[in-house]
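What follows is one structure encoded as structure tokens, with my remarks underneath.
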Amino acid sequence: MRTLFITGGAGFIGSALVRLLLAESDWRVVNIDKLTYAGNLESLAAVADSERHLFVQADVADRAAMDELFARHRPQGVIHLAAESHVDRSILGPAEFVQTNIVGTYVLLEAVRAYWSGLAEDERSRFRFHHVSTDEVFGSLGPQGLFSETTAYDPRSPYSSSKAAADHLVRAWYHTYGLPVVVTNCSNNYGPYQFPEKLIPLMVLNALAGKPLPIYGRGDNVRDWLYVDDHARALRLAFERGQAGATYCIGGNAERTNLEVVDRLCALLDELRPRGEGRRYGELKTFVTDRPGHDRRYAIDAGHIRRELGWAPQESFDSGLRKTVAWYLENSQWVAHVQSGEYRQWVRQNYSERRA
Ligand code: NAD
Ligand code: DAU
């Protein structure tokens, strides 16, 4: 059976990718995750019994642990998603971002290189190290234009600069050591199982609790939204069929201002879970102090991955947002466990005997 390492597979995008691979491919997945606050094995409950899924709690910056995993499982590739991912947290405390996103990626690259160097010639050329990155490395757009694979790097936040540093390391390992890498840079993801610190789940859960909906600045910053399962499908394609050394930009072609997103969420909630007594969720909108260094606009030209690998999103922003709101309404236990912190216990109750 072919084995694939996924790092960060208990996070929002990683868990979507693990669920997709187990449902639609024959890969055996070794899921390596440190289980920070953002790691939630309850998001993998549907695949907890799969024979093709092994969860390992480990830090990608732990070289001895990484060496041992490569020697034991001998994977045909790695998709590296483990990271600190939230811009606001990076502003409040950049240290973890430097440690995991830069040092962690470096340590993992060195463990991969040591393992990959010992493979037979044909296995070496088929191997892939796929680094999952963000469009935020390109900085901030004005009203016109799109980010593409040739856009110069211009990161602004501690988060985006740590991801940019990691992207440079990954490409250096390709040029210097010949490690067959693929890099993908994706726009804002949304969908089920997203931790409620990010805009869309935060607004949904605040609205349901009757709390203010904090909109930074004037709410006119623009993001290009992509449904998470569409990103997972793109990641699988880029990993399995991407050219060594290639970069693929991934985006939803769905630019919205933050205010448009919040208004749409309020309208969906008014329809699906009315507040009653004639009240509307939009009344909860509150404009708050802007994020420092807040990037104005992101937008992606996904032409390369569409032409070369035939990828296109299956969800429109309207269909994806409706599914997402419905998911949060229907999955009140997942939400309650995240809000109470109980999800941190889930690993002990359900996974302890399965840990490697
Ligand atoms: P997330 O914060 O939901 O999940 C990150 C996961 O990584 C968590 O499960 C966490 O426990 C794990 N992790 C953190 N530090 C670790 C370490 N040192 N060792 C092992 N595991 C560790 O993040 P996400 O939103 O799922 O993003 C996943 C990846 O995709 C990140 O690399 C992020 O930069 C990138 N990305 C995210 C988006 C987005 O919109 N969320 C868009 C483009 C790219
Ligand atoms: O573009 C890809 C990036 O998208 C990923 O690399 C990051 O991991 C991911 O977190 C996301 O970054 P953003 O900073 O764009 O996402 P966030 O959900 O934090 O914010 C989206 C927009 O909404 C942004 O313009 C800030 C604004 N915002 C966010 C929050 C949490 C608000 O107005 N109010 C809020 O409370």
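The way I read the labels, and the way they are meant: chains A, B, ... in the order of the structure tokens, residue 1 as the first residue of every chain, and ligand 1 as the first ligand shown, with later ones counted on from there.
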| task | Counting only C-alpha atoms and all ligand atoms, name the residues that have an atom within 6 Å of an atom of ligand 2; the answer should be given as a list in words. | result |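 Using only C-alpha atoms and all ligand atoms, I find these residues within 6 Å of ligand 2: Ser85, His86, Val87, Thr134, Asp135, Glu136, Ser187, Asn188, Glu197, Lys198, Leu199, Pro214, Ile215, Tyr216, Asn221 and Asn258 of chain A.
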Residues of chain A within 6 Å of ligand 1: nearest atom pair and distance (Å, one decimal) for each, counting only C-alpha atoms and all ligand atoms, sorted by chain and number, as JSON lines?
```
{"residue": "A:Thr7", "atom": "CA", "partner": "ligand 1", "partner_atom_place_in_ligand_line": "21 (N)", "distance": 6.0}
{"residue": "A:Gly8", "atom": "CA", "partner": "ligand 1", "partner_atom_place_in_ligand_line": "7 (O)", "distance": 3.6}
{"residue": "A:Gly9", "atom": "CA", "partner": "ligand 1", "partner_atom_place_in_ligand_line": "9 (O)", "distance": 5.8}
{"residue": "A:Ala10", "atom": "CA", "partner": "ligand 1", "partner_atom_place_in_ligand_line": "9 (O)", "distance": 4.0}
{"residue": "A:Gly11", "atom": "CA", "partner": "ligand 1", "partner_atom_place_in_ligand_line": "9 (O)", "distance": 3.3}
{"residue": "A:Phe12", "atom": "CA", "partner": "ligand 1", "partner_atom_place_in_ligand_line": "26 (O)", "distance": 3.7}
{"residue": "A:Ile13", "atom": "CA", "partner": "ligand 1", "partner_atom_place_in_ligand_line": "26 (O)", "distance": 3.7}
{"residue": "A:Gly14", "atom": "CA", "partner": "ligand 1", "partner_atom_place_in_ligand_line": "26 (O)", "distance": 5.4}
{"residue": "A:Asp33", "atom": "CA", "partner": "ligand 1", "partner_atom_place_in_ligand_line": "21 (N)", "distance": 3.7}
{"residue": "A:Lys34", "atom": "CA", "partner": "ligand 1", "partner_atom_place_in_ligand_line": "20 (C)", "distance": 3.9}
{"residue": "A:Leu35", "atom": "CA", "partner": "ligand 1", "partner_atom_place_in_ligand_line": "11 (O)", "distance": 3.6}
{"residue": "A:Thr36", "atom": "CA", "partner": "ligand 1", "partner_atom_place_in_ligand_line": "11 (O)", "distance": 3.9}
{"residue": "A:Ala38", "atom": "CA", "partner": "ligand 1", "partner_atom_place_in_ligand_line": "8 (C)", "distance": 4.6}
{"residue": "A:Gly39", "atom": "CA", "partner": "ligand 1", "partner_atom_place_in_ligand_line": "9 (O)", "distance": 3.2}
{"residue": "A:Ala58", "atom": "CA", "partner": "ligand 1", "partner_atom_place_in_ligand_line": "20 (C)", "distance": 5.8}
{"residue": "A:Asp59", "atom": "CA", "partner": "ligand 1", "partner_atom_place_in_ligand_line": "19 (N)", "distance": 3.5}
{"residue": "A:Val60", "atom": "CA", "partner": "ligand 1", "partner_atom_place_in_ligand_line": "19 (N)", "distance": 4.1}
{"residue": "A:Ala61", "atom": "CA", "partner": "ligand 1", "partner_atom_place_in_ligand_line": "18 (N)", "distance": 5.8}
{"residue": "A:Leu81", "atom": "CA", "partner": "ligand 1", "partner_atom_place_in_ligand_line": "32 (O)", "distance": 4.1}
{"residue": "A:Ala82", "atom": "CA", "partner": "ligand 1", "partner_atom_place_in_ligand_line": "7 (O)", "distance": 3.6}
{"residue": "A:Ala83", "atom": "CA", "partner": "ligand 1", "partner_atom_place_in_ligand_line": "14 (C)", "distance": 4.4}
{"residue": "A:Glu84", "atom": "CA", "partner": "ligand 1", "partner_atom_place_in_ligand_line": "14 (C)", "distance": 5.3}
{"residue": "A:Ser85", "atom": "CA", "partner": "ligand 1", "partner_atom_place_in_ligand_line": "2 (O)", "distance": 4.6}
{"residue": "A:Thr100", "atom": "CA", "partner": "ligand 1", "partner_atom_place_in_ligand_line": "18 (N)", "distance": 4.6}
{"residue": "A:Gly104", "atom": "CA", "partner": "ligand 1", "partner_atom_place_in_ligand_line": "18 (N)", "distance": 5.9}
{"residue": "A:Val132", "atom": "CA", "partner": "ligand 1", "partner_atom_place_in_ligand_line": "32 (O)", "distance": 5.4}
{"residue": "A:Ser133", "atom": "CA", "partner": "ligand 1", "partner_atom_place_in_ligand_line": "44 (C)", "distance": 4.6}
{"residue": "A:Thr134", "atom": "CA", "partner": "ligand 1", "partner_atom_place_in_ligand_line": "44 (C)", "distance": 3.9}
{"residue": "A:Cys186", "atom": "CA", "partner": "ligand 1", "partner_atom_place_in_ligand_line": "43 (C)", "distance": 4.3}
{"residue": "A:Ser187", "atom": "CA", "partner": "ligand 1", "partner_atom_place_in_ligand_line": "42 (C)", "distance": 5.1}
{"residue": "A:Asn188", "atom": "CA", "partner": "ligand 1", "partner_atom_place_in_ligand_line": "40 (O)", "distance": 3.7}
{"residue": "A:Asn189", "atom": "CA", "partner": "ligand 1", "partner_atom_place_in_ligand_line": "40 (O)", "distance": 3.7}
```
What does the file look like for those residues with N, CA and C atoms, as a JSON list (two decimals), in the first residue's frame?
```json
[["chain", "number", "residue", "atom", "x", "y", "z"],
["A", 7, "THR", "N", 1.15, 16.47, 7.20],
["A", 7, "THR", "CA", 1.38, 17.19, 8.46],
["A", 7, "THR", "C", 0.25, 18.19, 8.66],
["A", 8, "GLY", "N", -0.15, 18.39, 9.91],
["A", 8, "GLY", "CA", -1.25, 19.32, 10.18],
["A", 8, "GLY", "C", -2.61, 18.76, 9.80],
["A", 9, "GLY", "N", -2.73, 17.43, 9.80],
["A", 9, "GLY", "CA", -3.96, 16.78, 9.35],
["A", 9, "GLY", "C", -5.10, 16.82, 10.35],
["A", 10, "ALA", "N", -4.88, 17.42, 11.54],
["A", 10, "ALA", "CA", -5.99, 17.60, 12.48],
["A", 10, "ALA", "C", -6.52, 19.03, 12.42],
["A", 11, "GLY", "N", -5.97, 19.84, 11.52],
["A", 11, "GLY", "CA", -6.42, 21.22, 11.36],
["A", 11, "GLY", "C", -7.59, 21.29, 10.38],
["A", 12, "PHE", "N", -7.96, 22.50, 10.06],
["A", 12, "PHE", "CA", -9.14, 22.74, 9.21],
["A", 12, "PHE", "C", -8.94, 22.15, 7.81],
["A", 13, "ILE", "N", -7.90, 22.58, 7.09],
["A", 13, "ILE", "CA", -7.70, 22.11, 5.71],
["A", 13, "ILE", "C", -7.14, 20.68, 5.71],
["A", 14, "GLY", "N", -6.21, 20.42, 6.63],
["A", 14, "GLY", "CA", -5.61, 19.08, 6.70],
["A", 14, "GLY", "C", -6.65, 18.00, 6.94],
["A", 33, "ASP", "N", 0.60, 15.48, 13.57],
["A", 33, "ASP", "CA", 0.08, 16.76, 14.05],
["A", 33, "ASP", "C", 0.44, 16.93, 15.53],
["A", 34, "LYS", "N", 0.86, 18.13, 15.86],
["A", 34, "LYS", "CA", 1.25, 18.42, 17.26],
["A", 34, "LYS", "C", 0.05, 18.60, 18.17],
["A", 35, "LEU", "N", -1.11, 18.81, 17.57],
["A", 35, "LEU", "CA", -2.34, 19.13, 18.33],
["A", 35, "LEU", "C", -2.16, 20.39, 19.17],
["A", 36, "THR", "N", -1.90, 21.50, 18.48],
["A", 36, "THR", "CA", -1.98, 22.81, 19.13],
["A", 36, "THR", "C", -3.46, 23.10, 19.38],
["A", 38, "ALA", "N", -5.32, 24.53, 17.56],
["A", 38, "ALA", "CA", -6.04, 24.45, 16.28],
["A", 38, "ALA", "C", -6.23, 23.01, 15.82],
["A", 39, "GLY", "N", -5.57, 22.06, 16.46],
["A", 39, "GLY", "CA", -5.70, 20.67, 16.05],
["A", 39, "GLY", "C", -6.87, 20.02, 16.79],
["A", 58, "ALA", "N", 2.93, 14.54, 16.99],
["A", 58, "ALA", "CA", 4.36, 14.90, 16.96],
["A", 58, "ALA", "C", 4.51, 16.30, 16.39],
["A", 59, "ASP", "N", 5.64, 16.91, 16.74],
["A", 59, "ASP", "CA", 5.98, 18.26, 16.29],
["A", 59, "ASP", "C", 6.89, 18.13, 15.06],
["A", 60, "VAL", "N", 6.57, 18.82, 13.98],
["A", 60, "VAL", "CA", 7.42, 18.73, 12.78],
["A", 60, "VAL", "C", 8.82, 19.26, 13.05],
["A", 61, "ALA", "N", 8.99, 20.05, 14.12],
["A", 61, "ALA", "CA", 10.32, 20.58, 14.45],
["A", 61, "ALA", "C", 11.13, 19.60, 15.29],
["A", 81, "LEU", "N", 1.12, 20.65, 5.72],
["A", 81, "LEU", "CA", 0.18, 21.73, 6.06],
["A", 81, "LEU", "C", 0.40, 22.29, 7.45],
["A", 82, "ALA", "N", 1.15, 21.57, 8.31],
["A", 82, "ALA", "CA", 1.29, 22.00, 9.71],
["A", 82, "ALA", "C", 1.83, 23.42, 9.75],
["A", 83, "ALA", "N", 1.14, 24.27, 10.47],
["A", 83, "ALA", "CA", 1.56, 25.67, 10.59],
["A", 83, "ALA", "C", 0.73, 26.36, 11.66],
["A", 84, "GLU", "N", 1.25, 27.46, 12.15],
["A", 84, "GLU", "CA", 0.42, 28.45, 12.84],
["A", 84, "GLU", "C", -0.21, 29.27, 11.72],
["A", 85, "SER", "N", -1.54, 29.44, 11.76],
["A", 85, "SER", "CA", -2.23, 29.94, 10.56],
["A", 85, "SER", "C", -3.01, 31.24, 10.74],
["A", 100, "THR", "N", 7.34, 27.21, 14.26],
["A", 100, "THR", "CA", 6.71, 26.12, 13.48],
["A", 100, "THR", "C", 6.84, 26.36, 11.98],
["A", 104, "GLY", "N", 10.23, 24.69, 11.85],
["A", 104, "GLY", "CA", 9.58, 23.38, 11.65],
["A", 104, "GLY", "C", 9.70, 22.92, 10.20],
["A", 132, "VAL", "N", 2.28, 23.42, 1.45],
["A", 132, "VAL", "CA", 1.00, 24.12, 1.30],
["A", 132, "VAL", "C", 1.15, 25.54, 1.84],
["A", 133, "SER", "N", 1.04, 26.50, 0.95],
["A", 133, "SER", "CA", 1.25, 27.89, 1.36],
["A", 133, "SER", "C", 0.04, 28.76, 0.98],
["A", 134, "THR", "N", 0.26, 30.04, 1.13],
["A", 134, "THR", "CA", -0.85, 31.00, 1.11],
["A", 134, "THR", "C", -0.60, 32.11, 0.09],
["A", 186, "CYS", "N", -2.60, 29.31, -1.85],
["A", 186, "CYS", "CA", -4.06, 29.36, -1.96],
["A", 186, "CYS", "C", -4.64, 30.59, -1.26],
["A", 187, "SER", "N", -5.82, 30.95, -1.71],
["A", 187, "SER", "CA", -6.56, 32.08, -1.11],
["A", 187, "SER", "C", -7.34, 31.61, 0.12],
["A", 188, "ASN", "N", -8.19, 32.49, 0.65],
["A", 188, "ASN", "CA", -8.93, 32.21, 1.91],
["A", 188, "ASN", "C", -9.88, 31.03, 1.78],
["A", 189, "ASN", "N", -9.72, 30.07, 2.66],
["A", 189, "ASN", "CA", -10.61, 28.91, 2.69],
["A", 189, "ASN", "C", -11.74, 29.13, 3.70]]
```
| said: Excluding Glu271 of chain A and its own-chain neighbours fewer than 4 positions away, which residues fall within 12 Å of it when counting only C-alpha atoms? Please give them as a PyMOL selection string. | reply: chain A and resi 264-267+275-276+280-281+322+325-326
| request: Using only C-alpha atoms, determine which residues lie at most 12 Å from segment 307-316 of chain A, disregarding the query and same-chain residues fewer than 6 positions distant; provide the list as a PyMOL selection string. | output: chain A and resi 189-191+224-243+246-255+301+322-324
Using C-alpha atoms, can you export the residues from the last selection as a PDB file, in the first residue's frame?
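Writing done, so here's result.pdb:
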```pdb
ATOM      1  CA  ASN A 189     -10.612  28.905   2.693  1.00  0.00           C
ATOM      2  CA  TYR A 190     -13.965  28.469   4.409  1.00  0.00           C
ATOM      3  CA  GLY A 191     -16.205  25.505   5.170  1.00  0.00           C
ATOM      4  CA  ASP A 224     -10.940  35.645  -2.588  1.00  0.00           C
ATOM      5  CA  TRP A 225     -12.918  32.805  -0.977  1.00  0.00           C
ATOM      6  CA  LEU A 226     -12.567  29.081  -1.747  1.00  0.00           C
ATOM      7  CA  TYR A 227     -14.594  26.213  -0.287  1.00  0.00           C
ATOM      8  CA  VAL A 228     -12.230  23.933   1.635  1.00  0.00           C
ATOM      9  CA  ASP A 229     -13.114  20.714  -0.226  1.00  0.00           C
ATOM     10  CA  ASP A 230     -12.236  22.433  -3.504  1.00  0.00           C
ATOM     11  CA  HIS A 231      -8.832  23.274  -2.018  1.00  0.00           C
ATOM     12  CA  ALA A 232      -8.407  19.646  -0.861  1.00  0.00           C
ATOM     13  CA  ARG A 233      -9.137  18.420  -4.406  1.00  0.00           C
ATOM     14  CA  ALA A 234      -6.565  20.865  -5.798  1.00  0.00           C
ATOM     15  CA  LEU A 235      -3.980  19.681  -3.249  1.00  0.00           C
ATOM     16  CA  ARG A 236      -4.493  16.049  -4.211  1.00  0.00           C
ATOM     17  CA  LEU A 237      -4.055  16.884  -7.917  1.00  0.00           C
ATOM     18  CA  ALA A 238      -0.944  19.005  -7.339  1.00  0.00           C
ATOM     19  CA  PHE A 239       0.603  16.315  -5.144  1.00  0.00           C
ATOM     20  CA  GLU A 240      -0.171  13.397  -7.462  1.00  0.00           C
ATOM     21  CA  ARG A 241       0.341  15.090 -10.841  1.00  0.00           C
ATOM     22  CA  GLY A 242       2.240  18.336 -10.248  1.00  0.00           C
ATOM     23  CA  GLN A 243       5.636  18.870 -11.899  1.00  0.00           C
ATOM     24  CA  ALA A 246       6.353  23.780  -9.912  1.00  0.00           C
ATOM     25  CA  THR A 247       4.171  26.314  -8.111  1.00  0.00           C
ATOM     26  CA  TYR A 248       0.382  26.401  -8.449  1.00  0.00           C
ATOM     27  CA  CYS A 249      -1.795  29.299  -7.313  1.00  0.00           C
ATOM     28  CA  ILE A 250      -5.254  28.209  -6.155  1.00  0.00           C
ATOM     29  CA  GLY A 251      -8.259  30.501  -5.685  1.00  0.00           C
ATOM     30  CA  GLY A 252     -12.009  30.608  -5.844  1.00  0.00           C
ATOM     31  CA  ASN A 253     -12.517  33.520  -8.240  1.00  0.00           C
ATOM     32  CA  ALA A 254     -14.909  34.760  -5.557  1.00  0.00           C
ATOM     33  CA  GLU A 255     -13.802  38.200  -4.399  1.00  0.00           C
ATOM     34  CA  ASP A 301      -5.343  33.856 -11.061  1.00  0.00           C
ATOM     35  CA  ARG A 322     -24.986  28.043   2.453  1.00  0.00           C
ATOM     36  CA  LYS A 323     -23.462  24.572   3.077  1.00  0.00           C
ATOM     37  CA  THR A 324     -21.099  26.043   5.657  1.00  0.00           C
TER      38      THR A 324
END
```
| So how many Å separate atom CA of Ser15 of chain A and atom CA of Glu330 of chain A, to one decimal? |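 Atom-to-atom, atom CA of Ser15 of chain A and atom CA of Glu330 of chain A are spaced 18.6 Å apart.
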| So which residues of segment 9-145 of chain A fall under alpha helix (DSSP H) by DSSP, listed as an MDAnalysis selection string? | chainID A and resid 12:24 63:73 87:92 95:97 105:117 121:126
What does the file look like for those residues with C-alpha atoms, as a PDB file, in the first residue's frame?
```
ATOM      1  CA  PHE A  12      -9.135  22.742   9.211  1.00  0.00           C
ATOM      2  CA  ILE A  13      -7.705  22.105   5.712  1.00  0.00           C
ATOM      3  CA  GLY A  14      -5.610  19.083   6.700  1.00  0.00           C
ATOM      4  CA  SER A  15      -8.618  17.231   8.101  1.00  0.00           C
ATOM      5  CA  ALA A  16     -10.602  17.967   4.909  1.00  0.00           C
ATOM      6  CA  LEU A  17      -7.707  16.548   2.883  1.00  0.00           C
ATOM      7  CA  VAL A  18      -7.447  13.434   5.076  1.00  0.00           C
ATOM      8  CA  ARG A  19     -11.203  12.806   4.778  1.00  0.00           C
ATOM      9  CA  LEU A  20     -10.976  13.257   0.978  1.00  0.00           C
ATOM     10  CA  LEU A  21      -7.975  10.939   0.557  1.00  0.00           C
ATOM     11  CA  LEU A  22      -9.530   8.198   2.651  1.00  0.00           C
ATOM     12  CA  ALA A  23     -12.831   8.457   0.781  1.00  0.00           C
ATOM     13  CA  GLU A  24     -11.547   8.836  -2.770  1.00  0.00           C
ATOM     14  CA  ARG A  63      14.012  15.922  14.105  1.00  0.00           C
ATOM     15  CA  ALA A  64      14.346  12.641  15.997  1.00  0.00           C
ATOM     16  CA  ALA A  65      10.586  12.028  15.814  1.00  0.00           C
ATOM     17  CA  MET A  66      10.535  12.854  12.082  1.00  0.00           C
ATOM     18  CA  ASP A  67      13.523  10.553  11.329  1.00  0.00           C
ATOM     19  CA  GLU A  68      11.881   7.724  13.206  1.00  0.00           C
ATOM     20  CA  LEU A  69       8.589   8.157  11.308  1.00  0.00           C
ATOM     21  CA  PHE A  70      10.309   8.185   7.900  1.00  0.00           C
ATOM     22  CA  ALA A  71      12.326   5.075   8.758  1.00  0.00           C
ATOM     23  CA  ARG A  72       9.271   3.241  10.036  1.00  0.00           C
ATOM     24  CA  HIS A  73       6.655   4.146   7.394  1.00  0.00           C
ATOM     25  CA  VAL A  87      -2.803  36.438  11.260  1.00  0.00           C
ATOM     26  CA  ASP A  88      -4.178  38.090  14.441  1.00  0.00           C
ATOM     27  CA  ARG A  89      -2.346  35.584  16.658  1.00  0.00           C
ATOM     28  CA  SER A  90       0.867  36.252  14.702  1.00  0.00           C
ATOM     29  CA  ILE A  91       0.545  39.963  15.504  1.00  0.00           C
ATOM     30  CA  LEU A  92       0.068  39.254  19.208  1.00  0.00           C
ATOM     31  CA  ALA A  95       7.444  33.435  18.167  1.00  0.00           C
ATOM     32  CA  GLU A  96       5.393  30.286  17.497  1.00  0.00           C
ATOM     33  CA  PHE A  97       5.047  31.337  13.853  1.00  0.00           C
ATOM     34  CA  THR A 105       9.614  23.452   7.839  1.00  0.00           C
ATOM     35  CA  TYR A 106      13.427  23.496   7.840  1.00  0.00           C
ATOM     36  CA  VAL A 107      13.647  20.502  10.205  1.00  0.00           C
ATOM     37  CA  LEU A 108      11.084  18.581   8.178  1.00  0.00           C
ATOM     38  CA  LEU A 109      12.937  19.368   4.923  1.00  0.00           C
ATOM     39  CA  GLU A 110      16.159  18.006   6.398  1.00  0.00           C
ATOM     40  CA  ALA A 111      14.455  14.831   7.649  1.00  0.00           C
ATOM     41  CA  VAL A 112      12.846  14.388   4.219  1.00  0.00           C
ATOM     42  CA  ARG A 113      16.167  14.965   2.446  1.00  0.00           C
ATOM     43  CA  ALA A 114      17.963  12.379   4.580  1.00  0.00           C
ATOM     44  CA  TYR A 115      15.259   9.786   3.885  1.00  0.00           C
ATOM     45  CA  TRP A 116      14.831  10.663   0.188  1.00  0.00           C
ATOM     46  CA  SER A 117      18.609  10.523  -0.484  1.00  0.00           C
ATOM     47  CA  GLU A 121      16.675   6.306  -8.312  1.00  0.00           C
ATOM     48  CA  ASP A 122      13.117   5.732  -9.591  1.00  0.00           C
ATOM     49  CA  GLU A 123      11.615   6.206  -6.103  1.00  0.00           C
ATOM     50  CA  ARG A 124      13.571   9.460  -5.706  1.00  0.00           C
ATOM     51  CA  SER A 125      12.145  10.953  -8.893  1.00  0.00           C
ATOM     52  CA  ARG A 126       8.571   9.894  -8.071  1.00  0.00           C
TER      53      ARG A 126
END
```
| request: Run DSSP on the backbone of this structure and report the residues of segment 92-242 of chain A it assigns to strand (DSSP E or B), as number ranges by chain. | output: A: 128-134, 147, 181-186, 188-190, 213-216, 222-227
File dump, residues just selected, N, CA, C and O atoms, as a short mmCIF file (atom, residue, chain, number, x, y, z; two decimals), in the first residue's frame:
```cif
data_model
loop_
_atom_site.label_atom_id
_atom_site.label_comp_id
_atom_site.auth_asym_id
_atom_site.auth_seq_id
_atom_site.Cartn_x
_atom_site.Cartn_y
_atom_site.Cartn_z
N ARG A 128 7.41 13.22 -3.82
CA ARG A 128 7.05 14.63 -3.81
C ARG A 128 7.02 15.15 -2.37
O ARG A 128 6.47 14.50 -1.49
N PHE A 129 7.61 16.35 -2.18
CA PHE A 129 7.40 17.12 -0.95
C PHE A 129 6.53 18.30 -1.35
O PHE A 129 6.99 19.21 -2.06
N HIS A 130 5.29 18.27 -0.92
CA HIS A 130 4.33 19.31 -1.32
C HIS A 130 4.12 20.25 -0.14
O HIS A 130 3.62 19.86 0.91
N HIS A 131 4.52 21.51 -0.35
CA HIS A 131 4.41 22.53 0.69
C HIS A 131 3.15 23.36 0.44
O HIS A 131 2.99 23.95 -0.64
N VAL A 132 2.28 23.42 1.45
CA VAL A 132 1.00 24.12 1.30
C VAL A 132 1.15 25.54 1.84
O VAL A 132 1.37 25.74 3.03
N SER A 133 1.04 26.50 0.95
CA SER A 133 1.25 27.89 1.36
C SER A 133 0.04 28.76 0.98
O SER A 133 -1.01 28.27 0.59
N THR A 134 0.26 30.04 1.13
CA THR A 134 -0.85 31.00 1.11
C THR A 134 -0.60 32.11 0.09
O THR A 134 0.55 32.43 -0.22
N PHE A 147 -2.93 37.95 -8.19
CA PHE A 147 -1.68 37.25 -7.88
C PHE A 147 -1.57 36.04 -8.81
O PHE A 147 -2.56 35.35 -9.09
N VAL A 181 9.99 19.04 -5.17
CA VAL A 181 8.99 19.75 -4.38
C VAL A 181 7.88 20.30 -5.28
O VAL A 181 8.08 20.50 -6.48
N VAL A 182 6.74 20.53 -4.67
CA VAL A 182 5.65 21.29 -5.29
C VAL A 182 5.20 22.30 -4.24
O VAL A 182 5.14 21.97 -3.05
N VAL A 183 4.93 23.54 -4.67
CA VAL A 183 4.42 24.56 -3.75
C VAL A 183 3.06 25.02 -4.27
O VAL A 183 2.90 25.24 -5.48
N THR A 184 2.08 25.11 -3.37
CA THR A 184 0.79 25.70 -3.76
C THR A 184 0.52 26.91 -2.88
O THR A 184 0.81 26.90 -1.68
N ASN A 185 -0.01 27.96 -3.48
CA ASN A 185 -0.36 29.20 -2.74
C ASN A 185 -1.85 29.44 -2.94
O ASN A 185 -2.29 29.73 -4.06
N CYS A 186 -2.60 29.31 -1.85
CA CYS A 186 -4.06 29.36 -1.96
C CYS A 186 -4.64 30.59 -1.26
O CYS A 186 -4.06 31.13 -0.31
N ASN A 188 -8.19 32.49 0.65
CA ASN A 188 -8.93 32.21 1.91
C ASN A 188 -9.88 31.03 1.78
O ASN A 188 -10.75 31.04 0.90
N ASN A 189 -9.72 30.07 2.66
CA ASN A 189 -10.61 28.91 2.69
C ASN A 189 -11.74 29.13 3.70
O ASN A 189 -11.56 29.82 4.70
N TYR A 190 -12.87 28.50 3.43
CA TYR A 190 -13.96 28.47 4.41
C TYR A 190 -14.69 27.14 4.24
O TYR A 190 -14.55 26.46 3.21
N LEU A 213 -20.76 41.43 15.98
CA LEU A 213 -20.01 40.88 14.84
C LEU A 213 -18.90 41.89 14.52
O LEU A 213 -19.17 42.92 13.87
N PRO A 214 -17.67 41.64 14.98
CA PRO A 214 -16.61 42.67 14.89
C PRO A 214 -16.01 42.76 13.50
O PRO A 214 -15.31 41.86 13.04
N ILE A 215 -16.28 43.86 12.81
CA ILE A 215 -15.76 44.07 11.45
C ILE A 215 -14.60 45.06 11.54
O ILE A 215 -14.77 46.18 12.02
N TYR A 216 -13.42 44.62 11.08
CA TYR A 216 -12.23 45.46 11.18
C TYR A 216 -12.32 46.64 10.21
O TYR A 216 -12.66 46.45 9.03
N VAL A 222 -10.77 43.10 0.83
CA VAL A 222 -11.31 42.07 -0.07
C VAL A 222 -10.51 40.79 0.05
O VAL A 222 -9.27 40.81 0.07
N ARG A 223 -11.21 39.66 0.13
CA ARG A 223 -10.59 38.34 0.11
C ARG A 223 -11.22 37.52 -1.00
O ARG A 223 -12.36 37.76 -1.39
N ASP A 224 -10.47 36.52 -1.50
CA ASP A 224 -10.94 35.64 -2.59
C ASP A 224 -11.23 34.28 -1.94
O ASP A 224 -10.31 33.58 -1.52
N TRP A 225 -12.51 33.94 -1.83
CA TRP A 225 -12.92 32.80 -0.98
C TRP A 225 -13.01 31.50 -1.75
O TRP A 225 -13.54 31.47 -2.87
N LEU A 226 -12.53 30.42 -1.12
CA LEU A 226 -12.57 29.08 -1.75
C LEU A 226 -13.09 28.07 -0.73
O LEU A 226 -12.61 28.02 0.42
N TYR A 227 -14.04 27.25 -1.16
CA TYR A 227 -14.59 26.21 -0.29
C TYR A 227 -13.50 25.16 -0.03
O TYR A 227 -12.81 24.73 -0.94
#
```
| Could you name the residues that touch Val204 of chain A at 9 Å or less, counting only C-alpha atoms, but leaving out those on the same chain fewer than 2 positions away, as a list in words? | Pro196, Leu199, Ile200, Pro201, Leu202, Asn206, Ala207, Leu208, Ala209, Leu213, Val262, Leu265, Cys266, Leu269, Val325, Tyr328 and Leu329 of chain A
| request: Tell me, in Å to one decimal, how far atom CA of Gly178 of chain A is from atom CA of Thr3 of chain A. | output: 21.5 Å
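The gap separating atom CA of Val78 of chain A from atom CA of Phe55 of chain A is 14.5 Å, in Å to one decimal.
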